[in-house]
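Structure data follow from model-v3.pdb (PDB, C-alpha atoms):
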ATOM      1  CA  ILE A  11      -8.392 -13.141  18.534  1.00  0.00           C
ATOM      2  CA  ASN A  12      -9.182 -15.115  15.405  1.00  0.00           C
ATOM      3  CA  LYS A  13      -8.409 -12.586  12.678  1.00  0.00           C
ATOM      4  CA  ILE A  14      -6.674 -12.808   9.360  1.00  0.00           C
ATOM      5  CA  ALA A  15      -5.726  -9.489   7.821  1.00  0.00           C
ATOM      6  CA  ILE A  16      -6.090  -8.927   4.104  1.00  0.00           C
ATOM      7  CA  MET A  17      -2.746  -8.960   2.360  1.00  0.00           C
ATOM      8  CA  ASN A  18      -1.626  -5.871   0.484  1.00  0.00           C
ATOM      9  CA  THR A  19      -2.981  -6.317  -3.043  1.00  0.00           C
ATOM     10  CA  GLY A  20      -1.712  -3.129  -4.640  1.00  0.00           C
ATOM     11  CA  SER A  21      -5.156  -1.568  -4.324  1.00  0.00           C
ATOM     12  CA  PHE A  22      -3.705   1.655  -2.884  1.00  0.00           C
ATOM     13  CA  ALA A  23      -1.286   2.057  -5.801  1.00  0.00           C
ATOM     14  CA  ILE A  24      -4.006   1.287  -8.346  1.00  0.00           C
ATOM     15  CA  CYS A  25      -6.378   3.835  -6.796  1.00  0.00           C
ATOM     16  CA  ILE A  26      -3.685   6.522  -6.664  1.00  0.00           C
ATOM     17  CA  HIS A  27      -2.880   5.815 -10.320  1.00  0.00           C
ATOM     18  CA  ILE A  28      -6.577   6.097 -11.238  1.00  0.00           C
ATOM     19  CA  LEU A  29      -7.009   9.358  -9.338  1.00  0.00           C
ATOM     20  CA  THR A  30      -3.832  10.775 -10.886  1.00  0.00           C
ATOM     21  CA  LEU A  31      -5.093   9.942 -14.390  1.00  0.00           C
ATOM     22  CA  LEU A  32      -8.468  11.513 -13.640  1.00  0.00           C
ATOM     23  CA  THR A  33      -6.724  14.633 -12.339  1.00  0.00           C
ATOM     24  CA  HIS A  34      -4.494  14.783 -15.406  1.00  0.00           C
ATOM     25  CA  ASP A  35      -7.511  14.649 -17.768  1.00  0.00           C
ATOM     26  CA  GLN A  36     -10.407  16.311 -15.968  1.00  0.00           C
ATOM     27  CA  GLU A  37     -12.172  17.292 -19.197  1.00  0.00           C
ATOM     28  CA  HIS A  38     -13.060  13.775 -20.349  1.00  0.00           C
ATOM     29  CA  TRP A  39     -14.789  10.696 -19.007  1.00  0.00           C
ATOM     30  CA  LEU A  40     -12.058   8.059 -18.864  1.00  0.00           C
ATOM     31  CA  SER A  41     -13.085   4.485 -19.608  1.00  0.00           C
ATOM     32  CA  SER A  42     -11.899   1.604 -17.449  1.00  0.00           C
ATOM     33  CA  SER A  43     -10.117   0.249 -20.551  1.00  0.00           C
ATOM     34  CA  LYS A  44      -8.124   3.459 -20.984  1.00  0.00           C
ATOM     35  CA  ILE A  45      -7.268   3.528 -17.288  1.00  0.00           C
ATOM     36  CA  ALA A  46      -6.321  -0.170 -17.368  1.00  0.00           C
ATOM     37  CA  ALA A  47      -4.006   0.441 -20.332  1.00  0.00           C
ATOM     38  CA  SER A  48      -2.103   3.057 -18.327  1.00  0.00           C
ATOM     39  CA  ILE A  49      -1.780   0.797 -15.286  1.00  0.00           C
ATOM     40  CA  ASN A  50      -1.190  -2.287 -17.456  1.00  0.00           C
ATOM     41  CA  ILE A  51      -3.845  -4.397 -15.710  1.00  0.00           C
ATOM     42  CA  ASN A  52      -7.179  -5.935 -16.630  1.00  0.00           C
ATOM     43  CA  PRO A  53     -10.123  -3.467 -16.822  1.00  0.00           C
ATOM     44  CA  VAL A  54     -12.067  -5.723 -14.435  1.00  0.00           C
ATOM     45  CA  LEU A  55      -9.521  -4.929 -11.709  1.00  0.00           C
ATOM     46  CA  VAL A  56      -9.845  -1.230 -12.494  1.00  0.00           C
ATOM     47  CA  ARG A  57     -13.641  -1.371 -12.184  1.00  0.00           C
ATOM     48  CA  LYS A  58     -13.273  -3.018  -8.762  1.00  0.00           C
ATOM     49  CA  GLU A  59     -11.179  -0.071  -7.558  1.00  0.00           C
ATOM     50  CA  LEU A  60     -13.430   2.469  -9.287  1.00  0.00           C
ATOM     51  CA  LEU A  61     -16.316   1.151  -7.212  1.00  0.00           C
ATOM     52  CA  LYS A  62     -14.379   1.829  -3.982  1.00  0.00           C
ATOM     53  CA  LEU A  63     -13.533   5.352  -5.132  1.00  0.00           C
ATOM     54  CA  LYS A  64     -17.142   6.005  -6.163  1.00  0.00           C
ATOM     55  CA  GLU A  65     -18.515   4.734  -2.843  1.00  0.00           C
ATOM     56  CA  ALA A  66     -16.075   7.054  -1.057  1.00  0.00           C
ATOM     57  CA  GLY A  67     -17.406  10.002  -3.094  1.00  0.00           C
ATOM     58  CA  MET A  68     -14.064  10.707  -4.762  1.00  0.00           C
ATOM     59  CA  ILE A  69     -15.188   9.987  -8.316  1.00  0.00           C
ATOM     60  CA  GLN A  70     -18.332   9.912 -10.375  1.00  0.00           C
ATOM     61  CA  VAL A  71     -19.073   7.164 -12.871  1.00  0.00           C
ATOM     62  CA  LYS A  72     -21.212   7.365 -15.989  1.00  0.00           C
ATOM     63  CA  GLU A  73     -22.246   4.115 -17.635  1.00  0.00           C
ATOM     64  CA  GLY A  74     -22.724   3.498 -21.321  1.00  0.00           C
ATOM     65  CA  LYS A  75     -20.912   3.953 -24.598  1.00  0.00           C
ATOM     66  CA  CYS A  76     -19.740   7.479 -23.816  1.00  0.00           C
ATOM     67  CA  GLY A  77     -19.324   6.787 -20.122  1.00  0.00           C
ATOM     68  CA  GLY A  78     -16.338   6.547 -17.875  1.00  0.00           C
ATOM     69  CA  SER A  79     -15.069   8.125 -14.712  1.00  0.00           C
ATOM     70  CA  LYS A  80     -14.289  11.660 -13.554  1.00  0.00           C
ATOM     71  CA  LEU A  81     -13.256  13.222 -10.291  1.00  0.00           C
ATOM     72  CA  ALA A  82     -16.158  14.173  -8.035  1.00  0.00           C
ATOM     73  CA  LEU A  83     -13.913  16.244  -5.776  1.00  0.00           C
ATOM     74  CA  SER A  84     -11.116  18.688  -6.343  1.00  0.00           C
ATOM     75  CA  PRO A  85      -7.714  16.960  -6.078  1.00  0.00           C
ATOM     76  CA  ASP A  86      -7.030  19.450  -3.253  1.00  0.00           C
ATOM     77  CA  HIS A  87      -9.775  17.708  -1.234  1.00  0.00           C
ATOM     78  CA  ILE A  88      -8.665  14.125  -1.830  1.00  0.00           C
ATOM     79  CA  PHE A  89      -6.115  13.022   0.732  1.00  0.00           C
ATOM     80  CA  LEU A  90      -3.907   9.973   0.418  1.00  0.00           C
ATOM     81  CA  SER A  91      -4.967   8.956   3.920  1.00  0.00           C
ATOM     82  CA  ASP A  92      -8.555   8.614   2.680  1.00  0.00           C
ATOM     83  CA  VAL A  93      -7.401   6.422  -0.209  1.00  0.00           C
ATOM     84  CA  PHE A  94      -5.370   4.326   2.244  1.00  0.00           C
ATOM     85  CA  LYS A  95      -8.421   3.830   4.463  1.00  0.00           C
ATOM     86  CA  ILE A  96     -10.674   2.617   1.639  1.00  0.00           C
ATOM     87  CA  THR A  97      -8.072   0.284   0.138  1.00  0.00           C
ATOM     88  CA  ASN A  98      -6.267  -1.130   3.142  1.00  0.00           C
ATOM     89  CA  GLY A  99      -8.546  -3.822   4.505  1.00  0.00           C
ATOM     90  CA  GLU A 100      -8.081  -4.432   8.203  1.00  0.00           C
ATOM     91  CA  HIS A 101      -4.347  -3.746   8.560  1.00  0.00           C
ATOM     92  CA  LEU A 102      -1.328  -2.946   6.451  1.00  0.00           C
ATOM     93  CA  PHE A 103       0.370  -6.144   7.636  1.00  0.00           C
ATOM     94  CA  SER A 104      -1.124  -9.621   7.735  1.00  0.00           C
ATOM     95  CA  PHE A 105      -1.518 -12.202  10.447  1.00  0.00           C
ATOM     96  CA  ALA A 106      -0.354 -15.765   9.893  1.00  0.00           C
ATOM     97  CA  LYS A 107      -2.868 -17.836   7.953  1.00  0.00           C
ATOM     98  CA  ASN A 108      -3.003 -20.493  10.684  1.00  0.00           C
ATOM     99  CA  GLU A 109      -4.399 -19.792  14.114  1.00  0.00           C
ATOM    100  CA  PRO A 110      -1.538 -20.009  16.662  1.00  0.00           C
ATOM    101  CA  ASN A 111      -1.515 -22.858  19.187  1.00  0.00           C
ATOM    102  CA  GLN A 112      -3.609 -21.671  22.134  1.00  0.00           C
ATOM    103  CA  GLU A 113      -1.784 -24.115  24.426  1.00  0.00           C
ATOM    104  CA  CYS A 114       1.505 -22.275  23.839  1.00  0.00           C
ATOM    105  CA  PRO A 115       2.279 -19.296  26.105  1.00  0.00           C
ATOM    106  CA  VAL A 116       3.340 -17.242  23.057  1.00  0.00           C
ATOM    107  CA  GLY A 117       0.731 -18.603  20.652  1.00  0.00           C
ATOM    108  CA  LYS A 118      -2.200 -17.787  22.918  1.00  0.00           C
ATOM    109  CA  SER A 119      -1.424 -14.052  23.028  1.00  0.00           C
ATOM    110  CA  ILE A 120       0.707 -13.220  19.973  1.00  0.00           C
ATOM    111  CA  ASN A 121      -2.237 -12.054  17.846  1.00  0.00           C
ATOM    112  CA  THR A 122      -3.414  -9.682  20.571  1.00  0.00           C
ATOM    113  CA  TRP A 123       0.005  -8.045  20.679  1.00  0.00           C
ATOM    114  CA  LEU A 124       0.254  -8.007  16.881  1.00  0.00           C
ATOM    115  CA  GLU A 125      -3.200  -6.402  16.705  1.00  0.00           C
ATOM    116  CA  ASN A 126      -1.963  -3.568  18.940  1.00  0.00           C
ATOM    117  CA  LEU A 127       1.246  -3.169  16.920  1.00  0.00           C
ATOM    118  CA  TYR A 128      -0.614  -3.223  13.599  1.00  0.00           C
ATOM    119  CA  SER A 129      -3.067  -0.597  14.831  1.00  0.00           C
ATOM    120  CA  ASP A 130      -0.163   1.661  15.833  1.00  0.00           C
ATOM    121  CA  ILE A 131       1.461   1.176  12.415  1.00  0.00           C
ATOM    122  CA  ASP A 132      -1.778   1.903  10.573  1.00  0.00           C
ATOM    123  CA  ASP A 133      -2.339   5.039  12.668  1.00  0.00           C
ATOM    124  CA  SER A 134       1.192   6.242  11.823  1.00  0.00           C
ATOM    125  CA  VAL A 135       0.643   5.685   8.114  1.00  0.00           C
ATOM    126  CA  VAL A 136      -2.679   7.540   8.187  1.00  0.00           C
ATOM    127  CA  GLN A 137      -1.061  10.420  10.068  1.00  0.00           C
ATOM    128  CA  LEU A 138       1.730  10.648   7.468  1.00  0.00           C
ATOM    129  CA  LEU A 139      -0.709  10.514   4.547  1.00  0.00           C
ATOM    130  CA  ASP A 140      -3.162  12.958   6.148  1.00  0.00           C
ATOM    131  CA  ASN A 141      -0.951  15.861   5.089  1.00  0.00           C
ATOM    132  CA  LYS A 142      -0.704  14.781   1.454  1.00  0.00           C
ATOM    133  CA  SER A 143      -3.459  15.797  -0.915  1.00  0.00           C
ATOM    134  CA  LEU A 144      -3.682  14.312  -4.381  1.00  0.00           C
ATOM    135  CA  THR A 145      -2.561  17.701  -5.709  1.00  0.00           C
ATOM    136  CA  LYS A 146       0.599  17.634  -3.566  1.00  0.00           C
ATOM    137  CA  PHE A 147       1.331  14.062  -4.625  1.00  0.00           C
ATOM    138  CA  ILE A 148       0.977  14.872  -8.329  1.00  0.00           C
ATOM    139  CA  GLN A 149       3.162  17.981  -8.061  1.00  0.00           C
ATOM    140  CA  GLN A 150       6.107  15.696  -7.294  1.00  0.00           C
ATOM    141  CA  PHE A 151       6.290  14.315 -10.807  1.00  0.00           C
ATOM    142  CA  VAL A 152       4.151  16.392 -13.153  1.00  0.00           C
TER     143      VAL A 152
END
Take the structure in this file and express it as structure tokens.
Amino acid sequence: INKIAIMNTGSFAICIHILTLLTHDQEHWLSSSKIAASININPVLVRKELLKLKEAGMIQVKEGKCGGSKLALSPDHIFLSDVFKITNGEHLFSFAKNEPNQECPVGKSINTWLENLYSDIDDSVVQLLDNKSLTKFIQQFV
């Protein structure tokens, strides 16, 4: 198997932060600049994550001077497992950047076994997050 998993970029945390902000202020369209100021990152990075959330149907986006983002779904219907799935890439953990030596008895099969392990880990994470709606998450600290 010649696969390289995407490393964890913080996309999940950024998306949860965005969704939490949008839940906190459901009356207004929040600009990517305002969201970026809360997260303390560049608005370009926020817009990248907003696109994922929009494509998943979780938010709506309005362009222009008075534009911004709003929730498209009730926070009761947004589950952390769905956010994990759209932000995670192939697996939570990464493979080595170099392809293992196929002449080595370990190297020729390690990625197959890691693929199975990583799939099990990802399934466990999704199962844990399946029971947590955005509303339940926010209730922990608001």
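If you measure from each of A:Lys80, A:Lys142, A:His27, A:His101 to Asn126 of chain A using only C-alpha atoms, the closest one turns out to be A:His101.
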Would you mind reading off the distance between atom CA of Ser91 of chain A and atom CA of Lys107 of chain A, one decimal, in Å?
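Atom CA of Ser91 of chain A sits 27.2 Å away from atom CA of Lys107 of chain A.
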Proximity to Pro85 of chain A - best of A:Trp39, A:Phe105, A:Trp123, A:Phe147, all atoms listed in the file
A:Phe147
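Comparing A:Val54, A:Ala46, A:Leu139, A:Val71 by their smallest distance to Asp92 of chain A, the closest is A:Leu139 (using all atoms listed in the file).
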Taking only C-alpha atoms into account, which of A:Thr33, A:Ser42, A:Ser129, A:Gln149 comes nearest Leu55 of chain A?
A:Ser42
My list of candidates is A:Lys118, A:Lys62, A:His87, A:Lys44. Which is closest to Leu32 of chain A when distances are computed with only C-alpha atoms?
A:Lys44
Here atom CA of Asn141 of chain A and atom CA of Asp35 of chain A stand apart by 23.8 Å
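One finds atom CA of Gln150 of chain A at 23.7 Å from atom CA of Ser79 of chain A.
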Because the input lacks atoms here, generate N, CA and C atoms for segment 74-104 of chain A and report them as a short mmCIF file (atom, residue, chain, number, x, y, z; two decimals), keeping the file's coordinate frame.
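File part-v2.cif, as written:
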data_model
loop_
_atom_site.label_atom_id
_atom_site.label_comp_id
_atom_site.auth_asym_id
_atom_site.auth_seq_id
_atom_site.Cartn_x
_atom_site.Cartn_y
_atom_site.Cartn_z
N GLY A 74 -22.32 3.41 -19.93
CA GLY A 74 -22.72 3.50 -21.32
C GLY A 74 -21.56 3.74 -22.26
N LYS A 75 -21.91 3.83 -23.53
CA LYS A 75 -20.91 3.95 -24.60
C LYS A 75 -19.99 5.17 -24.42
N CYS A 76 -20.54 6.26 -24.01
CA CYS A 76 -19.74 7.48 -23.82
C CYS A 76 -19.43 7.71 -22.34
N GLY A 77 -19.53 6.67 -21.56
CA GLY A 77 -19.32 6.79 -20.12
C GLY A 77 -17.86 6.72 -19.72
N GLY A 78 -17.68 6.60 -18.44
CA GLY A 78 -16.34 6.55 -17.88
C GLY A 78 -16.36 7.10 -16.47
N SER A 79 -15.22 7.59 -16.07
CA SER A 79 -15.07 8.12 -14.71
C SER A 79 -14.46 9.51 -14.75
N LYS A 80 -14.84 10.31 -13.76
CA LYS A 80 -14.29 11.66 -13.55
C LYS A 80 -14.17 11.88 -12.06
N LEU A 81 -13.35 12.84 -11.70
CA LEU A 81 -13.26 13.22 -10.29
C LEU A 81 -14.56 13.85 -9.84
N ALA A 82 -14.98 13.54 -8.64
CA ALA A 82 -16.16 14.17 -8.04
C ALA A 82 -15.73 15.28 -7.08
N LEU A 83 -14.47 15.26 -6.69
CA LEU A 83 -13.91 16.24 -5.78
C LEU A 83 -12.70 16.90 -6.41
N SER A 84 -12.37 18.06 -5.93
CA SER A 84 -11.12 18.69 -6.34
C SER A 84 -9.96 17.84 -5.81
N PRO A 85 -8.87 17.71 -6.58
CA PRO A 85 -7.71 16.96 -6.08
C PRO A 85 -7.14 17.55 -4.78
N ASP A 86 -7.46 18.82 -4.51
CA ASP A 86 -7.03 19.45 -3.25
C ASP A 86 -7.77 18.86 -2.06
N HIS A 87 -8.94 18.24 -2.31
CA HIS A 87 -9.78 17.71 -1.23
C HIS A 87 -9.74 16.18 -1.14
N ILE A 88 -8.86 15.57 -1.92
CA ILE A 88 -8.66 14.12 -1.83
C ILE A 88 -7.32 13.90 -1.16
N PHE A 89 -7.34 13.25 -0.02
CA PHE A 89 -6.12 13.02 0.73
C PHE A 89 -5.71 11.55 0.64
N LEU A 90 -4.41 11.33 0.56
CA LEU A 90 -3.91 9.97 0.42
C LEU A 90 -4.31 9.11 1.61
N SER A 91 -4.51 9.72 2.75
CA SER A 91 -4.97 8.96 3.92
C SER A 91 -6.36 8.38 3.69
N ASP A 92 -7.21 9.12 2.98
CA ASP A 92 -8.56 8.61 2.68
C ASP A 92 -8.48 7.44 1.71
N VAL A 93 -7.59 7.53 0.74
CA VAL A 93 -7.40 6.42 -0.21
C VAL A 93 -6.86 5.20 0.54
N PHE A 94 -5.92 5.42 1.44
CA PHE A 94 -5.37 4.33 2.24
C PHE A 94 -6.48 3.63 3.03
N LYS A 95 -7.35 4.40 3.64
CA LYS A 95 -8.42 3.83 4.46
C LYS A 95 -9.39 2.98 3.65
N ILE A 96 -9.70 3.39 2.42
CA ILE A 96 -10.67 2.62 1.64
C ILE A 96 -10.05 1.42 0.93
N THR A 97 -8.72 1.37 0.87
CA THR A 97 -8.07 0.28 0.14
C THR A 97 -7.32 -0.69 1.03
N ASN A 98 -7.20 -0.39 2.30
CA ASN A 98 -6.27 -1.13 3.14
C ASN A 98 -6.80 -2.42 3.75
N GLY A 99 -8.07 -2.65 3.78
CA GLY A 99 -8.55 -3.82 4.50
C GLY A 99 -8.42 -3.57 6.00
N GLU A 100 -8.12 -4.60 6.75
CA GLU A 100 -8.08 -4.43 8.20
C GLU A 100 -6.78 -3.81 8.69
N HIS A 101 -5.65 -4.28 8.16
CA HIS A 101 -4.35 -3.75 8.56
C HIS A 101 -3.40 -3.77 7.37
N LEU A 102 -2.35 -2.97 7.48
CA LEU A 102 -1.33 -2.95 6.45
C LEU A 102 -0.58 -4.28 6.40
N PHE A 103 -0.32 -4.86 7.56
CA PHE A 103 0.37 -6.14 7.64
C PHE A 103 -0.63 -7.26 7.91
N SER A 104 -0.24 -8.46 7.58
CA SER A 104 -1.12 -9.62 7.74
C SER A 104 -0.75 -10.45 8.95
#
